[in-house]
Amino acid sequence: MAEAESAGLLETKYSRRKFIKSVIAVGATASSAGYFIGSSGLGAQAVPGTVERLITLTVNGQQRRVDVLPNETLAMTLRYRLNLTGTKLGCDRAECGACTVLIDGVNQYGCSMLTHQVRGSSITTIEGLENPDTGELSLVQQAVLEEGGFQCAFCAPGFIMSMTAMVNENPNPTRAEAAHALSGNLCRCGDYDKILNCAMRAAELARSV
Amino acid sequence: MAEKLIGTDIAPQDLVAKITGRARYAEDFRADGMVFTKLLLSPMPHARVRGVDATRALAMPGVIDILRADEVRQVEGRPAEASLTDEPLYEGQPILAIAAETEEQAAAAIEAIEVDFEPLPFVLDPLDSLRPNGPNAYTGGNRFGGGEFSELKWTDADFEEIEAGRMPNGEAAVEWTKGDIDAAFSESDLVLEESIVHQSLTHHPMEPRSSMMYWENGKLHAFVSTQSAQRTKYAIAGMLNIDPEDVILVAEYCGGGFGSKISGNTHMEVPAVFSRKIGRPVMLRITRYEENYIGRARPGFQSWLKMGFMADGTCNAIDLYIVQESGPFGAGDFNTAGMIADLVYTPQNMRFRGIAMYCNTPPKAAQRGPGGAQIVIMMEPILEKAARELGLDRLEVHLKNAPDADVGFGPRNSTLTSVFAKEALEKGAEIFDWAGKQELSGRREGSKVTGIGIGLSPYTAGSRGYDGLMVIRPDGKLYVHQGLGNLGTHSIMDTARPAAEILNLNWDQVELVWGDSSRGMPRSSVQAGSQTTHAHSRANHAAGMDARAKVLEVAARTLGGSPSDYDMDNGRVFRRGGGASMTFAQVAERAIELGGKYDGHELPDNIHATTVPAANILAGQGLMGVARDNYGGSGGVYTWVAGFALVELDEETGVVDIKEYVGVTDCGTVLHPRSLSAQVLGGSVQGMGQAMTQRWVFDPKWGVPFANRLYTARPPGILDVPLDMKADAVGIPDPQTPVGAKGIGEPPVGAGGAAVTSAVADALGGRCLCRTPLTPDIILAELEGLDKPFHLEQHIG
């Protein structure tokens with residue numbers, strides 16, 4: 001009933017032709033523009049050829065010079081300019097957390113942050129967690145290895161970044177607090193029980209250092 | 001003595017790559033000169049493309065070319081999916097593709113293309129298609145058979161029955177019966193009849209189905225996301241009509257599939273054909289929005305169920321009618337659902353009727369426990385109601401009706417290799433403390449009411465007859481070549497354990513080779529239907545036995561005596577009772593000298609033809625173990641999961657909080673306990689999402705889904721599931737397979753979902769909502785005594 005009403009309302013507001021046209025625009029824009037925040041919006045045209053700028057980013061402790069579009073997301077810069085493909089794109093829109101990185105130690109979605117926003121910040125990706133001199137795994141990675149964490153593991157880099165932020169902030173969480181700390185990340189395999197085991201083990205290792 | 005491998009927790013060999021970001025999924029590959037392609041998706045659920053004007057798009061900066069439907073494979077005259085089409089059958093179906101230097105340029109060009117669509121009639125709901133004068137999903141009709149479309153419509157009288165909430169007698173496509181249901185219902189002490197709606201829901205694996213491809217020297221290099229590997233190579237070759245040996249498949253990791261990427265996917269054809277056309281590597285990066293449409297979904301059911309019970313809880317009759325929403329290309333779930341209903345409740349009298357209708361909704365495909373998960377999620381609340389009315393305990397009712405090993409079920413009276421469902425129920429009840437928790441049932445604290453529930457879920461879990469392929473190389477290590485996919489089940493690693501144990505090797509003496517067809521993949525099962533643990537523990541057992549026999553023969557031929565004089569341990573073959581010995585490294589070198597069958601230059605006659613090219617790649621590299629699984633067996637291989645849940649239902653908000661969950665499985669011998677627990681609990685969590693949150697919401701007027709991303713049809717997050725969940729296994733080996741192991745992937749979904757729908761029915765005091773997902777609006781409408789908040793026809797709305 002409610003659906004019939006809403007459809008009726010739509011019909012009075014829009015002619016069929018106009019409505020279909022707008023649906024076409026939304027469908028095509030949303031589907032094709034994907035990650036480009038700047039080009040989203042009803043009927044908006046994506047603007048190609050905007051100018052790249054050479055900027056310096058601090059990624060995993062290294063200065064990286066990179067050409068970046070004004071509307072480019074950090075996740076795309078990492079994956080397609082710097083070849084740091086450990087940061088995954090699961091949804092492009094802050095729904096899944098697979099692209100989580102640390103910005104000055106805080107876990108943030110790389111898909112929802114423009115690269116130009118993080119000039120001057122320290123960016124850490126999954127590739128930056130191992131000890132650069134010894135290749136030793138980080139405490140969180142070690143904990144995940146011990147607990148045999150993750151199934152398909154497409155979400156793993158994002159979860160591990162959130163776990164890293166969690167143990168830095170609160171190395172003594174309850175299981176419920178750990179779940180809250182990781183609640184911005186989605187695991188479609190549903191492997192949450194083991195992920196929480198990994199997080200609790202990571203906190204334990206962090207406390208013992 | 002070499003370590004024991006079967007039944008121990010060993011971190012999978014690929015785990016370090018997964019947690020350091022080094023694991024490469026399809027979209028992580030790059031190639032020199034790589035360009036991007038974007039798809040133009042249909043904005044209408046059914047339309048015809050009258051014309052395309054791409055002039056402006058093709059003149060835009062960076063744009064290279066366009067790919068149209070007439071350049072890809074089209075199957076004429078029957079419902080079959082093409083990767084690009086000029087007659088889209090659902091909103092979101094790809095029409096054409098554009099390639100450009102950058103993804104943004106390709107996206108901008110898609111915007112600039114003008115498509116003239118002619119809208120066509122569409123149907124979202126199978127019952128609408130069955131109505132007299134209702135619309136058809138295809139121009140020619142709503143059913144296909146004998147090479148042509150026709151129309152099937154029910155009568156006005158059928159629909160009067162439906163409006164009254166009763167089972168219609170409309171013509172079914174499938175019907176089977178056993179026993180005499182009419183007589184049985186008249187003898188029943190309790191007969192319950194319900195109409196039940198189960199929604200359709202998307203697979204949404206975390207990794208969308210991106211792929212990158214290029215051609216080099218006449219060979220296609222394909223980097224894809226697929227559940228299976230060896231079989232996907234052949235699927236791609238078939239799609240392009242090329243020699244399979246001209247496909248180099250790279251599928252090292254797969255970010256989940258759940259049935260939606262069984263042997264890859266239809267849209268792999270786009271980068272394959274486009275890269276051949278333009279002579280550049282092509283990346284097709286699929287976004288979440290696109291994945292929602294092209295990424296497959298579980299079929300929805302509208303069904304009528306009548307169950308008869310005796311006073312002692314015996315289920316003596318089931319009459320089940322399922323109308324399935326099959327999307328534009330069909331699906332088989334409903335048939336399986338009928339079989340599973342018969343298997344779980346073992347009525348001696350049953351009638352199953354079913355019909356699958358084409359609809360203009362995104363395509364349907366097997367989703368983890370296809371058909372089985374839906375039916376147990378739907379039926380468990382009825383069982384709760386029956387037990388309540390008969391004054392019985394649900395556990396007792398399940399134990400009374402669960403089958404034993406001598407079960408015969410379904411239209412062909414199918415048999416099984418083993419059944420330990422009762423053992424799973426009993427063990428689960430003990431861990432969950434089912435008896436102790438009875439007093440919590442219906443407990444009220446403020447606005448919250450507690451409910452407890454059981455879900456019992458079986459599903460197929462094995463197949464037979466595949467090949468194993470392995471080589472002991474001159475470095476002394478065993479290289480097990482796997483043609484399976486790597487989608488997080490750890491099957492690649494775990495099914496190699498039997499071979500290592502047969503050869504008495506430690507795990508660090510074993511290397512796994514997978515993910516690249518140029519390195520040699522034997523004929524393998526598709527990684528679906530929970531087949532692989534069973535199928536490939538057998539295949540690798542057979543090839544391991546072959547390698548063992550060859551090691552002993554090589555030792556005897558080199559050191560004298562007969563093979564039976566020798567034994568092996570820890571990478572060394574030695575004469576029993578002391579004396580001469582050889583390392584596996586020496587055995588490998590000697591096998592290469594001997595040639596013939598020892599190093600794979602001569603192959604067994606009975607292996608599959610598709611294993612031969614893989615074995616040829618490896619010939620001469622060491623001692624080869626290669627064999628077909630000829631262990632045989634009779635009956636289907638089924639695994640069981642018994643799930644137990646405790647929920648709190650808030651009557652003020654309609655929100656259900658799942659507080660506790662236990663899942664216990666009968667899956668035969670456990671190869672890898674920790675991975676098994678992850679499968680049991682992870683699958684159960686997926687079932688909770690199916691029962692509670694995930695659904696499409698369509699605009700019935702225009703036929704387009706509103707719920708088209710993760711947040712609008714959300715799978716469970718970490719806060720939506722119990723903080724502590726427990727999994728365990730009965731651990732009784734299946735007697736018909738040498739390792740004793742059955743698969744596990746499918747059945748937990750139904751167990752997790754059904755335990756929750758059963759617990760919600762319990763919290764509601766025996767009221768069966770008979771609809772999923774149990775979102776707060778549905779629960780509140782029931783609590784407030786409103787008319788049913790849905791019509792049967794609107795299960796997708």
# chains A, B, ... in the order shown; residues from 1 in each chain; ligands from 1

$ select_by_dssp --residues "region 20-108 of chain B" --states "strand (DSSP E)" --output "ChimeraX atom specification"
/B:35-41,47-53,63-67,94-100

$ write_last_selection --atoms "C-alpha atoms" --output "mmCIF file, in the first residue's frame"
data_model
loop_
_atom_site.group_PDB
_atom_site.id
_atom_site.type_symbol
_atom_site.label_atom_id
_atom_site.label_comp_id
_atom_site.auth_asym_id
_atom_site.auth_seq_id
_atom_site.Cartn_x
_atom_site.Cartn_y
_atom_site.Cartn_z
ATOM 1 C CA VAL B 35 43.657 0.544 -19.763
ATOM 2 C CA PHE B 36 40.327 0.581 -17.971
ATOM 3 C CA THR B 37 36.896 -0.425 -19.086
ATOM 4 C CA LYS B 38 33.576 0.685 -17.641
ATOM 5 C CA LEU B 39 30.136 -0.797 -18.202
ATOM 6 C CA LEU B 40 26.948 1.017 -19.097
ATOM 7 C CA LEU B 41 24.177 -0.584 -17.048
ATOM 8 C CA ALA B 47 13.972 -2.874 -22.447
ATOM 9 C CA ARG B 48 15.234 -3.020 -25.973
ATOM 10 C CA VAL B 49 18.128 -0.907 -27.191
ATOM 11 C CA ARG B 50 16.895 0.868 -30.292
ATOM 12 C CA GLY B 51 20.034 2.836 -30.854
ATOM 13 C CA VAL B 52 23.313 3.952 -29.352
ATOM 14 C CA ASP B 53 25.034 7.223 -30.138
ATOM 15 C CA VAL B 63 38.769 7.135 -24.861
ATOM 16 C CA ILE B 64 39.954 4.186 -26.940
ATOM 17 C CA ASP B 65 36.981 2.163 -28.105
ATOM 18 C CA ILE B 66 33.512 0.807 -27.442
ATOM 19 C CA LEU B 67 32.406 -2.835 -27.122
ATOM 20 C CA PRO B 94 25.455 -4.353 -18.798
ATOM 21 C CA ILE B 95 24.654 -2.951 -22.258
ATOM 22 C CA LEU B 96 28.063 -1.941 -23.547
ATOM 23 C CA ALA B 97 31.575 -1.144 -22.411
ATOM 24 C CA ILE B 98 34.001 1.703 -23.037
ATOM 25 C CA ALA B 99 37.769 1.475 -22.746
ATOM 26 C CA ALA B 100 39.902 4.499 -21.915
#

$ residues_around --residues "Arg73 (chain B)" --least-positions-apart "3" --cutoff "8 Å" --atoms "only C-alpha atoms" --output "ChimeraX atom specification"
/B:69-70,82-83,239-240

$ select_by_dssp --residues "region 476-591 of chain B" --states "alpha helix (DSSP H)" --output "JSON, numbers by chain"
{"B": [491, 492, 493, 494, 497, 498, 499, 500, 501, 502, 532, 533, 534, 535, 536, 537, 538, 539, 540, 541, 542, 543, 544, 545, 546, 547, 548, 549, 550, 551, 552, 553, 554, 555, 556, 557, 558, 559, 584, 585, 586, 587, 588, 589, 590, 591]}

$ residues_around --residues "Ala2 (chain B)" --least-positions-apart "5" --cutoff "8 Å" --atoms "only C-alpha atoms" --output "PyMOL selection string"
chain B and resi 501+504-506+569-570

$ residues_around --residues "Glu602 (chain B)" --least-positions-apart "4" --cutoff "10 Å" --atoms "only C-alpha atoms" --output "list in words"
Gly595, Gly596, Lys597, Tyr598, Ala615, Asn616, Ala619 and Met624 of chain B

$ residues_around --residues "Gln117 (chain A)" --least-positions-apart "5" --cutoff "12 Å" --atoms "only C-alpha atoms" --output "JSON list (two decimals) with C-alpha atoms, in the first residue's frame"
[["chain", "number", "residue", "atom", "x", "y", "z"],
["A", 55, "ILE", "CA", 52.42, 16.51, -4.20],
["A", 56, "THR", "CA", 54.44, 14.83, -1.49],
["A", 57, "LEU", "CA", 52.87, 12.20, 0.75],
["A", 68, "VAL", "CA", 47.22, 13.50, -7.88],
["A", 69, "LEU", "CA", 43.88, 14.70, -9.27],
["A", 70, "PRO", "CA", 41.92, 17.16, -7.13],
["A", 71, "ASN", "CA", 39.10, 14.66, -6.65],
["A", 72, "GLU", "CA", 41.23, 11.56, -6.20],
["A", 73, "THR", "CA", 40.70, 9.41, -3.14],
["A", 74, "LEU", "CA", 43.54, 8.21, -1.00],
["A", 103, "ILE", "CA", 46.19, 8.72, 9.21],
["A", 110, "GLY", "CA", 40.90, 5.49, 2.40],
["A", 112, "SER", "CA", 36.35, 8.46, 1.71],
["A", 122, "SER", "CA", 51.61, 10.40, 8.22],
["A", 123, "ILE", "CA", 49.88, 7.57, 6.33]]

$ residues_around --residues "Ala199 (chain A)" --least-positions-apart "2" --cutoff "9 Å" --atoms "only C-alpha atoms" --output "count of residues only"
20

$ closest_residue --among "B:Trp434, B:Tyr289, B:Trp154, B:Tyr321" --to "chain A" --atoms "only C-alpha atoms"
B:Tyr289

$ closest_residue --among "B:Val115, B:Arg538, B:Thr639, B:Asp777" --to "Gly654 (chain B)" --atoms "only C-alpha atoms"
B:Asp777

$ atom_distance --atom1 "CA of Met692 (chain B)" --atom2 "CA of Pro776 (chain B)"
8.9 Å

$ closest_atom_pairs --of "region 152-197 of chain A" --to "region 484-495 of chain B" --cutoff "9 Å" --atoms "only C-alpha atoms" --output "CSV"
residue,atom,partner,partner_atom,distance
A:Cys152,CA,B:Gly488,CA,3.7
A:Ala153,CA,B:Gly488,CA,6.9
A:Cys189,CA,B:Gly488,CA,8.4

$ write_last_selection --atoms "C-alpha atoms" --output "PDB file, in the first residue's frame"
ATOM      1  CA  CYS A 152      38.976 -15.008   2.171  1.00  0.00           C
ATOM      2  CA  ALA A 153      40.919 -12.194   3.859  1.00  0.00           C
ATOM      3  CA  CYS A 189      32.696 -14.503   5.541  1.00  0.00           C
TER       4      CYS A 189
END

$ residues_around --residues "Phe334 (chain B)" --least-positions-apart "6" --cutoff "9 Å" --atoms "only C-alpha atoms" --output "count of residues only"
12

$ atom_distance --atom1 "CA of Met212 (chain B)" --atom2 "CA of Val224 (chain B)"
6.7 Å

$ closest_residue --among "B:Glu207, B:Glu161, B:Asp475, B:Asp508" --to "chain A" --atoms "only C-alpha atoms"
B:Glu207

$ closest_residue --among "B:Glu118, B:Glu216, B:Asp319, B:Glu511" --to "chain A" --atoms "only C-alpha atoms"
B:Glu118

$ closest_residue --among "A:Ala176, A:Val59, A:Val209, A:Cys96" --to "Arg188 (chain A)" --atoms "only C-alpha atoms"
A:Cys96
